[in-house]
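Raw contents of run13.cif, mmCIF, C-alpha atoms and all ligand atoms:
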data_coords
#
loop_
_atom_site.label_atom_id
_atom_site.label_comp_id
_atom_site.auth_asym_id
_atom_site.auth_seq_id
_atom_site.Cartn_x
_atom_site.Cartn_y
_atom_site.Cartn_z
CA MET A 1 -9.66 15.60 -26.77
CA ASP A 2 -11.50 12.39 -27.62
CA LYS A 3 -8.66 9.85 -27.91
CA VAL A 4 -5.57 8.93 -25.87
CA ASP A 5 -3.22 5.94 -25.89
CA VAL A 6 -3.77 4.93 -22.27
CA VAL A 7 -6.38 5.64 -19.59
CA VAL A 8 -5.50 4.81 -15.99
CA ILE A 9 -8.50 4.59 -13.65
CA GLY A 10 -7.35 5.69 -10.18
CA ALA A 11 -4.74 8.26 -9.17
CA GLY A 12 -3.38 6.48 -6.12
CA VAL A 13 0.27 5.65 -5.86
CA VAL A 14 -0.11 2.57 -8.10
CA GLY A 15 -2.10 4.30 -10.86
CA LEU A 16 0.34 7.22 -10.85
CA ALA A 17 3.39 4.92 -11.04
CA ILE A 18 1.79 3.11 -13.99
CA ALA A 19 0.95 6.41 -15.71
CA GLN A 20 4.52 7.58 -15.24
CA LYS A 21 5.88 4.33 -16.70
CA PHE A 22 3.71 4.48 -19.85
CA SER A 23 4.46 8.17 -20.33
CA LEU A 24 8.21 7.46 -20.26
CA HIS A 25 7.58 5.13 -23.20
CA HIS A 26 5.95 7.89 -25.27
CA LYS A 27 2.36 6.89 -24.65
CA GLN A 28 -0.09 9.68 -24.03
CA VAL A 29 -1.74 8.92 -20.70
CA LEU A 30 -4.90 10.25 -19.11
CA ILE A 31 -5.25 9.52 -15.37
CA ILE A 32 -8.73 9.92 -13.96
CA ASP A 33 -9.91 9.87 -10.35
CA LYS A 34 -13.36 10.21 -8.84
CA ASN A 35 -11.85 12.49 -6.17
CA GLU A 36 -10.67 16.03 -6.82
CA GLN A 37 -6.98 15.42 -6.01
CA VAL A 38 -4.56 12.53 -6.43
CA GLY A 39 -4.02 10.04 -3.60
CA GLN A 40 -7.02 10.72 -1.39
CA GLU A 41 -7.81 7.09 -0.51
CA THR A 42 -5.51 4.23 0.60
CA SER A 43 -2.38 5.93 -0.70
CA SER A 44 -2.69 8.67 1.92
CA ARG A 45 -3.89 6.34 4.70
CA ASN A 46 -0.96 4.03 5.30
CA SER A 47 2.24 3.75 7.36
CA GLU A 48 4.54 5.30 4.72
CA VAL A 49 7.05 2.52 5.28
CA ILE A 50 9.41 1.33 2.55
CA HIS A 51 9.28 -2.36 3.36
CA GLY A 52 12.20 -4.75 3.07
CA GLY A 53 10.21 -7.63 1.48
CA ILE A 54 10.75 -9.96 4.41
CA TYR A 55 7.49 -11.68 5.31
CA TYR A 56 5.89 -12.75 2.05
CA PRO A 57 5.91 -16.31 0.68
CA GLN A 58 8.80 -17.12 -1.65
CA ASP A 59 8.14 -16.28 -5.32
CA SER A 60 4.87 -14.51 -4.52
CA LEU A 61 4.28 -11.25 -6.38
CA LYS A 62 4.31 -9.46 -3.03
CA ALA A 63 7.83 -10.77 -2.33
CA GLN A 64 9.20 -10.16 -5.84
CA LEU A 65 7.63 -6.74 -6.40
CA CYS A 66 8.43 -5.48 -2.90
CA VAL A 67 12.13 -6.31 -3.17
CA ARG A 68 12.41 -4.89 -6.70
CA GLY A 69 10.14 -1.95 -5.83
CA LYS A 70 12.21 -1.04 -2.76
CA SER A 71 15.39 -0.49 -4.76
CA LEU A 72 13.54 1.36 -7.55
CA LEU A 73 11.86 3.56 -4.94
CA TYR A 74 15.10 4.52 -3.18
CA GLU A 75 16.62 5.41 -6.58
CA HIS A 76 13.53 7.43 -7.49
CA CYS A 77 13.59 9.33 -4.18
CA GLN A 78 17.22 10.28 -4.68
CA GLN A 79 16.73 11.30 -8.30
CA TYR A 80 13.60 13.41 -7.72
CA ASN A 81 14.34 14.73 -4.22
CA VAL A 82 11.45 12.91 -2.57
CA PRO A 83 11.99 13.01 1.23
CA PHE A 84 12.83 9.60 2.71
CA LYS A 85 14.97 8.11 5.47
CA LYS A 86 16.43 4.62 5.86
CA VAL A 87 15.63 4.50 9.56
CA GLY A 88 15.83 0.69 9.85
CA LYS A 89 13.41 -1.61 11.57
CA CYS A 90 13.72 -3.91 14.58
CA ILE A 91 11.56 -7.04 14.48
CA VAL A 92 11.37 -8.21 18.06
CA ALA A 93 10.64 -11.41 19.96
CA ILE A 94 9.25 -10.10 23.21
CA THR A 95 9.51 -13.46 24.94
CA GLN A 96 11.88 -16.39 24.53
CA GLN A 97 9.00 -18.45 23.06
CA GLU A 98 8.75 -16.01 20.15
CA GLN A 99 12.44 -16.48 19.29
CA SER A 100 11.68 -19.36 16.90
CA GLN A 101 9.51 -17.00 14.82
CA LEU A 102 12.55 -14.77 14.30
CA ASN A 103 14.41 -17.75 12.86
CA ASP A 104 11.51 -18.42 10.48
CA ILE A 105 11.52 -14.78 9.39
CA LEU A 106 15.26 -14.91 8.75
CA ILE A 107 14.83 -17.93 6.46
CA LYS A 108 11.86 -16.34 4.65
CA ALA A 109 13.84 -13.14 4.10
CA LYS A 110 16.80 -15.05 2.64
CA ASN A 111 14.45 -16.95 0.31
CA ASN A 112 13.13 -13.60 -0.90
CA GLY A 113 16.62 -12.28 -1.58
CA VAL A 114 16.67 -10.01 1.49
CA LEU A 115 20.18 -10.69 2.73
CA ASP A 116 20.87 -7.70 4.96
CA LEU A 117 19.05 -8.76 8.15
CA GLU A 118 21.18 -8.77 11.30
CA THR A 119 20.37 -10.80 14.42
CA LEU A 120 20.31 -8.87 17.69
CA SER A 121 20.69 -10.21 21.24
CA GLY A 122 18.74 -8.67 24.11
CA GLY A 123 21.87 -6.70 25.06
CA GLN A 124 22.40 -5.37 21.54
CA LEU A 125 18.75 -4.34 21.37
CA LYS A 126 19.10 -2.46 24.69
CA THR A 127 22.05 -0.51 23.30
CA LEU A 128 20.18 0.27 20.08
CA GLU A 129 16.82 1.03 21.73
CA PRO A 130 17.15 1.63 25.51
CA ASN A 131 13.37 2.00 26.01
CA LEU A 132 12.52 -1.27 24.28
CA HIS A 133 11.59 -4.34 26.29
CA ALA A 134 12.40 -7.46 24.24
CA HIS A 135 14.18 -10.79 24.39
CA SER A 136 15.95 -10.62 21.00
CA GLY A 137 15.43 -9.30 17.52
CA LEU A 138 16.37 -8.75 13.92
CA LEU A 139 17.48 -5.48 12.37
CA SER A 140 16.39 -4.67 8.83
CA PRO A 141 18.68 -1.78 7.85
CA SER A 142 17.10 -1.25 4.40
CA THR A 143 13.60 -0.53 5.77
CA GLY A 144 12.76 3.14 5.52
CA ILE A 145 10.08 5.81 5.58
CA ILE A 146 8.91 8.11 2.78
CA ASN A 147 6.78 11.17 2.28
CA SER A 148 4.12 9.45 0.17
CA HIS A 149 2.44 12.72 -0.88
CA GLU A 150 5.63 14.12 -2.35
CA TYR A 151 6.29 10.76 -3.97
CA MET A 152 2.88 10.86 -5.71
CA GLN A 153 3.45 14.46 -6.79
CA SER A 154 6.81 13.47 -8.30
CA LEU A 155 5.12 10.70 -10.33
CA LEU A 156 2.39 13.04 -11.53
CA TRP A 157 4.92 15.70 -12.43
CA GLN A 158 6.90 13.20 -14.50
CA ALA A 159 3.81 11.94 -16.31
CA GLU A 160 2.79 15.54 -17.05
CA GLU A 161 6.28 16.37 -18.33
CA ASN A 162 5.74 13.58 -20.87
CA ASP A 163 2.38 14.81 -22.14
CA GLY A 164 0.25 12.93 -19.63
CA PHE A 165 -2.53 14.63 -17.70
CA PHE A 166 -4.66 14.13 -14.64
CA VAL A 167 -8.37 14.97 -14.45
CA GLY A 168 -9.99 14.88 -11.02
CA ASN A 169 -13.70 14.56 -10.16
CA SER A 170 -13.90 12.09 -13.04
CA GLU A 171 -15.50 8.77 -12.23
CA PHE A 172 -15.14 5.76 -14.51
CA ILE A 173 -18.62 4.42 -15.30
CA HIS A 174 -18.35 1.99 -18.20
CA ALA A 175 -16.03 0.71 -20.94
CA GLU A 176 -17.30 -0.57 -24.24
CA LYS A 177 -14.93 -2.86 -26.14
CA LYS A 178 -14.31 -1.66 -29.69
CA GLN A 179 -12.61 -3.37 -32.64
CA SER A 180 -9.48 -1.67 -31.41
CA GLY A 181 -9.36 -0.33 -27.84
CA PHE A 182 -12.16 0.96 -25.62
CA SER A 183 -14.78 3.66 -25.54
CA LEU A 184 -15.10 4.92 -21.96
CA THR A 185 -17.96 6.71 -20.26
CA ILE A 186 -16.74 9.07 -17.56
CA LYS A 187 -18.90 11.04 -15.15
CA ASN A 188 -17.96 14.51 -14.00
CA ASN A 189 -18.68 14.40 -10.27
CA GLN A 190 -19.10 18.18 -10.03
CA ASP A 191 -21.88 18.69 -12.54
CA ASN A 192 -23.01 15.07 -13.10
CA THR A 193 -22.44 15.29 -16.86
CA HIS A 194 -21.08 12.35 -18.83
CA SER A 195 -18.39 12.29 -21.52
CA GLN A 196 -16.80 9.71 -23.81
CA ILE A 197 -13.15 9.06 -24.57
CA HIS A 198 -11.42 6.40 -26.63
CA CYS A 199 -8.22 4.66 -25.53
CA ASP A 200 -6.11 1.74 -26.81
CA ILE A 201 -5.00 0.55 -23.37
CA LEU A 202 -7.07 0.59 -20.18
CA ILE A 203 -5.60 0.13 -16.69
CA ASN A 204 -7.91 -0.46 -13.76
CA ALA A 205 -6.01 0.72 -10.66
CA ALA A 206 -9.12 1.74 -8.69
CA GLY A 207 -8.02 0.22 -5.37
CA LEU A 208 -11.05 -0.38 -3.16
CA ASN A 209 -13.29 -0.02 -6.25
CA ALA A 210 -11.27 -2.16 -8.67
CA GLN A 211 -13.75 -5.06 -8.57
CA GLN A 212 -16.68 -2.76 -9.24
CA CYS A 213 -14.87 -1.08 -12.14
CA ALA A 214 -13.92 -4.46 -13.64
CA GLN A 215 -17.59 -5.48 -13.66
CA ASN A 216 -18.29 -2.43 -15.83
CA ILE A 217 -15.75 -3.29 -18.51
CA GLU A 218 -17.42 -5.10 -21.39
CA GLY A 219 -16.05 -8.57 -22.08
CA VAL A 220 -14.35 -9.20 -18.74
CA HIS A 221 -14.98 -12.78 -17.57
CA LEU A 222 -16.89 -12.17 -14.34
CA GLU A 223 -15.38 -15.29 -12.78
CA SER A 224 -11.92 -13.67 -13.09
CA ILE A 225 -12.92 -10.94 -10.62
CA PRO A 226 -11.86 -11.99 -7.12
CA THR A 227 -14.02 -11.31 -4.06
CA LEU A 228 -13.03 -8.15 -2.20
CA TYR A 229 -12.86 -7.86 1.61
CA TYR A 230 -12.46 -4.49 3.33
CA CYS A 231 -10.04 -4.63 6.21
CA ARG A 232 -9.65 -1.45 8.26
CA GLY A 233 -6.56 -0.60 10.25
CA HIS A 234 -6.56 2.07 12.98
CA TYR A 235 -3.63 4.25 13.99
CA PHE A 236 -3.07 5.97 17.32
CA THR A 237 -0.61 8.84 17.56
CA TYR A 238 1.51 9.55 20.62
CA GLN A 239 2.18 13.04 21.96
CA GLY A 240 5.73 14.02 22.71
CA ARG A 241 9.12 12.64 21.77
CA SER A 242 9.44 9.17 20.31
CA PRO A 243 11.03 6.65 22.70
CA PHE A 244 12.45 4.80 19.66
CA GLN A 245 14.88 5.63 16.84
CA HIS A 246 13.86 2.67 14.67
CA LEU A 247 10.55 1.24 13.53
CA ILE A 248 9.57 -1.45 16.05
CA TYR A 249 7.59 -4.51 14.91
CA PRO A 250 6.68 -7.37 17.22
CA VAL A 251 6.78 -10.74 15.40
CA PRO A 252 3.77 -10.83 13.06
CA GLU A 253 0.44 -12.43 13.71
CA LYS A 254 0.38 -16.04 12.56
CA ASN A 255 -1.82 -15.71 9.40
CA THR A 256 -0.11 -12.47 8.18
CA THR A 257 -3.39 -10.57 7.83
CA GLY A 258 -1.52 -7.85 9.72
CA LEU A 259 1.91 -7.24 11.14
CA GLY A 260 0.93 -6.68 14.79
CA ILE A 261 0.56 -3.32 16.55
CA HIS A 262 3.89 -1.84 15.52
CA SER A 263 5.39 1.55 16.06
CA THR A 264 6.45 3.69 13.12
CA LEU A 265 7.87 7.17 12.71
CA ASP A 266 7.20 9.86 10.16
CA LEU A 267 9.87 12.11 8.71
CA ALA A 268 9.16 14.76 11.37
CA GLY A 269 9.97 12.19 14.08
CA GLN A 270 6.35 11.80 15.24
CA ILE A 271 5.58 8.28 16.45
CA LYS A 272 2.37 6.38 15.73
CA PHE A 273 1.08 2.91 16.57
CA GLY A 274 -0.88 0.53 14.35
CA PRO A 275 -2.51 -0.49 12.17
CA ASP A 276 -4.62 -3.25 13.69
CA VAL A 277 -6.85 -5.58 11.66
CA GLN A 278 -10.62 -5.17 11.56
CA TYR A 279 -12.75 -6.61 8.74
CA ILE A 280 -15.69 -4.32 7.87
CA ASN A 281 -18.61 -4.48 5.44
CA GLU A 282 -18.33 -1.13 3.70
CA VAL A 283 -15.82 1.66 3.16
CA ASP A 284 -15.95 3.66 6.40
CA TYR A 285 -12.86 5.52 7.61
CA GLN A 286 -14.34 6.50 11.00
CA PHE A 287 -13.04 5.10 14.27
CA PRO A 288 -15.75 2.85 15.76
CA ALA A 289 -17.84 5.29 17.81
CA ASN A 290 -18.95 2.91 20.57
CA ASP A 291 -15.81 0.85 20.90
CA HIS A 292 -13.27 3.65 20.97
CA GLY A 293 -12.26 3.04 24.62
CA LYS A 294 -12.06 -0.70 24.06
CA LEU A 295 -9.88 -0.24 20.99
CA LYS A 296 -7.52 2.07 22.84
CA ALA A 297 -7.26 -0.44 25.71
CA GLN A 298 -6.30 -3.16 23.18
CA PHE A 299 -3.59 -0.91 21.72
CA VAL A 300 -2.22 -0.06 25.18
CA GLN A 301 -2.08 -3.75 26.08
CA ALA A 302 -0.22 -4.65 22.87
CA ILE A 303 2.23 -1.73 23.10
CA ARG A 304 2.96 -2.35 26.83
CA ARG A 305 4.42 -5.73 25.92
CA TYR A 306 7.41 -4.02 24.29
CA TRP A 307 7.18 -0.53 25.84
CA PRO A 308 6.07 -0.88 29.48
CA GLN A 309 6.50 2.86 30.18
CA ILE A 310 3.79 3.98 27.76
CA ASN A 311 1.54 6.71 29.16
CA PRO A 312 -1.98 5.88 27.85
CA GLU A 313 -3.10 9.50 28.28
CA LYS A 314 -0.72 10.54 25.51
CA LEU A 315 -2.19 8.04 23.06
CA GLN A 316 -4.79 9.58 20.76
CA ALA A 317 -6.96 8.32 17.92
CA GLY A 318 -5.20 9.21 14.64
CA TYR A 319 -6.53 7.97 11.32
CA THR A 320 -7.54 4.77 9.55
CA GLY A 321 -6.83 3.07 6.24
CA ILE A 322 -8.66 0.24 4.50
CA ARG A 323 -6.86 -2.70 2.90
CA PRO A 324 -8.47 -4.12 -0.27
CA LYS A 325 -7.93 -7.74 0.77
CA LEU A 326 -8.56 -10.82 -1.35
CA GLN A 327 -8.73 -13.13 1.68
CA SER A 328 -11.40 -13.19 4.36
CA SER A 329 -10.42 -13.23 8.03
CA GLN A 330 -10.60 -17.06 7.89
CA GLN A 331 -8.46 -17.55 4.79
CA ALA A 332 -4.71 -17.85 4.31
CA PHE A 333 -2.36 -15.56 2.38
CA LYS A 334 -3.52 -14.22 -0.99
CA ASP A 335 -1.21 -12.49 -3.41
CA PHE A 336 -1.53 -9.30 -5.46
CA ALA A 337 -3.67 -10.05 -8.53
CA ILE A 338 -2.44 -8.31 -11.68
CA TYR A 339 -4.65 -9.72 -14.41
CA ASP A 340 -4.29 -9.39 -18.16
CA GLU A 341 -6.01 -10.90 -21.19
CA SER A 342 -4.96 -14.43 -20.24
CA GLN A 343 -7.08 -14.17 -17.07
CA HIS A 344 -10.01 -11.94 -18.02
CA GLY A 345 -10.19 -12.33 -21.81
CA VAL A 346 -9.89 -8.68 -22.89
CA ALA A 347 -6.86 -7.50 -24.89
CA GLY A 348 -5.33 -4.17 -23.87
CA LEU A 349 -6.73 -4.26 -20.33
CA VAL A 350 -5.00 -4.81 -16.98
CA ASN A 351 -7.03 -5.16 -13.76
CA LEU A 352 -5.22 -4.76 -10.44
CA PHE A 353 -6.90 -6.37 -7.43
CA GLY A 354 -5.86 -6.71 -3.79
CA ILE A 355 -3.09 -4.12 -3.89
CA GLU A 356 -2.72 -3.85 -0.15
CA SER A 357 0.61 -3.62 1.69
CA PRO A 358 3.35 -3.58 0.37
CA GLY A 359 1.73 -1.71 -2.54
CA LEU A 360 3.40 1.63 -1.82
CA THR A 361 6.86 0.03 -1.71
CA SER A 362 6.09 -2.10 -4.78
CA SER A 363 4.48 0.64 -6.87
CA LEU A 364 7.32 1.19 -9.38
CA ALA A 365 7.82 -2.57 -9.80
CA ILE A 366 4.05 -3.06 -10.28
CA ALA A 367 4.23 -0.39 -12.99
CA GLU A 368 7.05 -2.26 -14.73
CA ARG A 369 5.02 -5.48 -14.59
CA VAL A 370 1.87 -3.84 -15.97
CA TYR A 371 3.78 -2.19 -18.79
CA LEU A 372 5.30 -5.54 -19.80
CA ASN A 373 1.88 -7.20 -19.59
CA VAL A 374 0.41 -5.01 -22.32
CA CYS A 375 3.45 -3.79 -24.27
CA HIS A 376 5.67 -6.86 -24.60
C1 LIG B 401 -3.52 0.63 6.90
C2 LIG B 401 -2.60 0.48 5.74
C3 LIG B 401 -1.22 0.57 5.91
C4 LIG B 401 -0.35 0.41 4.84
N1 LIG B 401 0.99 0.60 5.01
C5 LIG B 401 1.84 0.45 3.97
C6 LIG B 401 3.24 0.68 4.11
O1 LIG B 401 3.71 1.12 5.16
N2 LIG B 401 4.04 0.42 3.06
C7 LIG B 401 3.56 -0.05 1.86
O2 LIG B 401 4.35 -0.33 0.98
N3 LIG B 401 2.22 -0.19 1.67
C8 LIG B 401 1.36 0.06 2.68
N4 LIG B 401 0.01 -0.07 2.50
C9 LIG B 401 -0.50 -0.40 1.16
C10 LIG B 401 -0.56 0.83 0.26
O3 LIG B 401 -1.05 1.94 0.94
C11 LIG B 401 -1.47 0.48 -0.93
O4 LIG B 401 -1.03 -0.72 -1.51
C12 LIG B 401 -1.45 1.56 -2.00
O5 LIG B 401 -1.69 2.83 -1.46
C13 LIG B 401 -2.51 1.22 -3.03
O6 LIG B 401 -2.52 2.21 -4.00
P1 LIG B 401 -3.60 2.20 -5.15
O7 LIG B 401 -3.20 3.27 -6.09
O8 LIG B 401 -3.74 0.81 -5.66
O9 LIG B 401 -4.99 2.49 -4.41
P2 LIG B 401 -5.65 3.86 -3.92
O10 LIG B 401 -4.69 4.74 -3.26
O11 LIG B 401 -6.86 3.48 -3.15
O12 LIG B 401 -6.07 4.55 -5.27
C14 LIG B 401 -7.17 4.12 -6.03
C15 LIG B 401 -7.81 5.36 -6.60
O13 LIG B 401 -8.86 4.96 -7.48
C16 LIG B 401 -9.87 5.94 -7.40
N5 LIG B 401 -11.12 5.39 -7.91
C17 LIG B 401 -11.87 4.39 -7.38
N6 LIG B 401 -12.94 4.16 -8.15
C18 LIG B 401 -12.88 5.01 -9.20
C19 LIG B 401 -13.71 5.24 -10.34
N7 LIG B 401 -14.83 4.53 -10.56
N8 LIG B 401 -13.34 6.20 -11.20
C20 LIG B 401 -12.21 6.93 -11.00
N9 LIG B 401 -11.40 6.76 -9.94
C21 LIG B 401 -11.71 5.80 -9.05
C22 LIG B 401 -9.92 6.28 -5.92
O14 LIG B 401 -10.52 7.54 -5.70
C23 LIG B 401 -8.45 6.24 -5.54
O15 LIG B 401 -7.85 7.51 -5.56
C24 LIG B 401 -0.88 0.11 3.55
C25 LIG B 401 -2.26 0.02 3.37
C26 LIG B 401 -3.13 0.22 4.45
C27 LIG B 401 -4.60 0.17 4.24
#
Output the file's structure as structure tokens, nothing else.
Amino acid sequence: MDKVDVVVIGAGVVGLAIAQKFSLHHKQVLIIDKNEQVGQETSSRNSEVIHGGIYYPQDSLKAQLCVRGKSLLYEHCQQYNVPFKKVGKCIVAITQQEQSQLNDILIKAKNNGVLDLETLSGGQLKTLEPNLHAHSGLLSPSTGIINSHEYMQSLLWQAEENDGFFVGNSEFIHAEKKQSGFSLTIKNNQDNTHSQIHCDILINAAGLNAQQCAQNIEGVHLESIPTLYYCRGHYFTYQGRSPFQHLIYPVPEKNTTGLGIHSTLDLAGQIKFGPDVQYINEVDYQFPANDHGKLKAQFVQAIRRYWPQINPEKLQAGYTGIRPKLQSSQQAFKDFAIYDESQHGVAGLVNLFGIESPGLTSSLAIAERVYLNVCH
């Protein structure tokens, strides 16, 4: 095969959702990934939380696409038997001083169209979560958890049902702009050979490599490519039964680079803590070798504020994920960047930058947006 309608670079949750969307509209889609399997980077290194859409600035893409994506995702899970659970989330003010932040969150949520938050007194929280130490809180009943691997498989399966196909070990190298469409050079990472394919539409959903890929697409205005910052988050797992039934989030850190050391559950009921926020210079998923003890001590200190009974011996290094951020540690909120011809100057191309959280929740809404961008 030397020609397809659409090539999607990157088989993470966003690339797969986009591929599924185009395939439903009778486009033949090829999804390529430099790794052997789908979803081996950020999409399998996150909290697997279906977010409510609460924290993001009004009218931002993160707010709009999270709220829309959440309802699309719940529908998708039901339709395709993807395991999920609406466990609900408690956002907690641990001290009275933090109470005012809950009020701010409530207003932000309403502005974003999230109308189901319930306020909780200290007493109500105790009934809901007897092991939780907090002054007051908010309950988000529509927050849930999902099996992200089965979700990605369901997207791939749907794309394949509609004539799409995935090829792993295939690294995007370069795109030459043709009179109509693109001629792509793709490297086979197993035998280092190169091949060419032509496509009419090109989608760059390469996550942590999206900026690098954009630089290798002929015609893209280089000034339209935003600076990328790697921001690692660490997770610690906890042995034994979870003390909580809900996801527990302390009020977020002031600049929203992270949501605080929160506690989440997976569908097997296993509890984990994190992620924290650590800017790094290169993609490195390892826990910091020298600072491991220091990091654990920081986690214990943060968790003790809302769960004083934690036994530090049961807390163990889990895994990490890296956020492709568009803001440095010193800068304020930056939104998802979904750029089309009007930003980068190339017809038939969409570049996706900075798809950090809530990218998993937003994936189906991002796909809708991308489809409209090139097929309106
Ligand atoms: C710590 C952490 C916690 C998070 N928690 C949540 C959460 O609870 N809920 C939520 O909604 N979101 C969460 N997110 C965000 C969510 O995980 C991401 O937004 C989402 O996974 C991004 O998907 P993606 O497809 O854009 O990127 P990726 O999953 O990174 O996929 C990009 C793919 O592109 C491939 N690629 C790169 N370069 C090339 C190339 N040259 N050629 C071919 N392929 C290439 C990569 O191999 C990769 O598979 C979290 C993120 C992090 C880091």
Write out as a tab-separated table a residue-level contact list of chain A versus ligand LIG 401 (chain B) with cut-off 6 Å: for each qualifying residue the closest pair of atoms and the distance in Å to one decimal, counting only C-alpha atoms and all ligand atoms, rows sorted by chain and residue number upward.
residue	atom	partner	partner_atom	distance
A:Ile9	CA	B:LIG401	C20	5.1
A:Gly10	CA	B:LIG401	O13	3.2
A:Ala11	CA	B:LIG401	O15	4.8
A:Gly12	CA	B:LIG401	O7	3.2
A:Val13	CA	B:LIG401	O7	4.2
A:Val14	CA	B:LIG401	O7	3.8
A:Gly15	CA	B:LIG401	O7	5.0
A:Ile32	CA	B:LIG401	C20	5.5
A:Asp33	CA	B:LIG401	N9	3.5
A:Lys34	CA	B:LIG401	C20	4.1
A:Asn35	CA	B:LIG401	O14	5.1
A:Gly39	CA	B:LIG401	O15	5.0
A:Gln40	CA	B:LIG401	O15	5.3
A:Glu41	CA	B:LIG401	O11	4.6
A:Thr42	CA	B:LIG401	O10	4.0
A:Ser43	CA	B:LIG401	O5	3.3
A:Asn46	CA	B:LIG401	C3	3.5
A:Ser47	CA	B:LIG401	O1	3.7
A:Glu48	CA	B:LIG401	O1	4.3
A:Val49	CA	B:LIG401	O1	3.6
A:Ile50	CA	B:LIG401	N2	5.5
A:His51	CA	B:LIG401	O2	5.8
A:Ser170	CA	B:LIG401	C20	5.8
A:Glu171	CA	B:LIG401	N8	3.5
A:Phe172	CA	B:LIG401	N8	3.8
A:Ala205	CA	B:LIG401	O8	5.5
A:Ala206	CA	B:LIG401	O13	3.4
A:Gly207	CA	B:LIG401	O9	3.9
A:Leu208	CA	B:LIG401	O11	5.7
A:Asn209	CA	B:LIG401	N6	4.6
A:Cys213	CA	B:LIG401	N7	5.8
A:Gly233	CA	B:LIG401	C1	4.7
A:Pro275	CA	B:LIG401	C1	5.5
A:Gly321	CA	B:LIG401	C1	4.2
A:Ile322	CA	B:LIG401	C27	4.1
A:Arg323	CA	B:LIG401	C27	3.9
A:Ile355	CA	B:LIG401	O4	4.6
A:Glu356	CA	B:LIG401	O4	3.8
A:Ser357	CA	B:LIG401	C9	3.4
A:Pro358	CA	B:LIG401	O2	3.5
A:Gly359	CA	B:LIG401	O4	3.1
A:Leu360	CA	B:LIG401	O2	3.5
A:Thr361	CA	B:LIG401	O2	3.7
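Atom to atom, CA of Lys272 (chain A) and CA of Ala365 (chain A) stand 27.6 Å apart.
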Task: Leu72 (chain A) surroundings by all atoms listed in the file, 9 Å radius, close-in-sequence under 2 positions cut, as a list in words - done: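 Answer for this query is Val67, Arg68, Gly69, Lys70, Tyr74, Glu75, His76, Cys77, Thr361, Ser362, Leu364 and Ala365 of chain A.
For the pair CA of Leu102 (chain A) and CA of Asn147 (chain A), the interatomic distance is 29.2 Å.
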Open item on the list: One number please: CA of Val82 (chain A) to CA of His149 (chain A), in Å, one decimal.
Closed with: 9.2 Å
Open item on the list: Can you pull out the residues contacting Leu267 (chain A)? Cut-off 9 Å, using only C-alpha atoms, and skip same-chain residues under 6 positions away; I want them as a PyMOL selection string.
Closed with: chain A and resi 83-85+145-147
Restrict the selected residues to C-alpha atoms and save them as a tab-separated table (two decimals), keeping the file's coordinate frame.
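Once written, part.tsv looks like this:
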chain	number	residue	atom	x	y	z
A	83	PRO	CA	11.99	13.01	1.23
A	84	PHE	CA	12.83	9.60	2.71
A	85	LYS	CA	14.97	8.11	5.47
A	145	ILE	CA	10.08	5.81	5.58
A	146	ILE	CA	8.91	8.11	2.78
A	147	ASN	CA	6.78	11.17	2.28
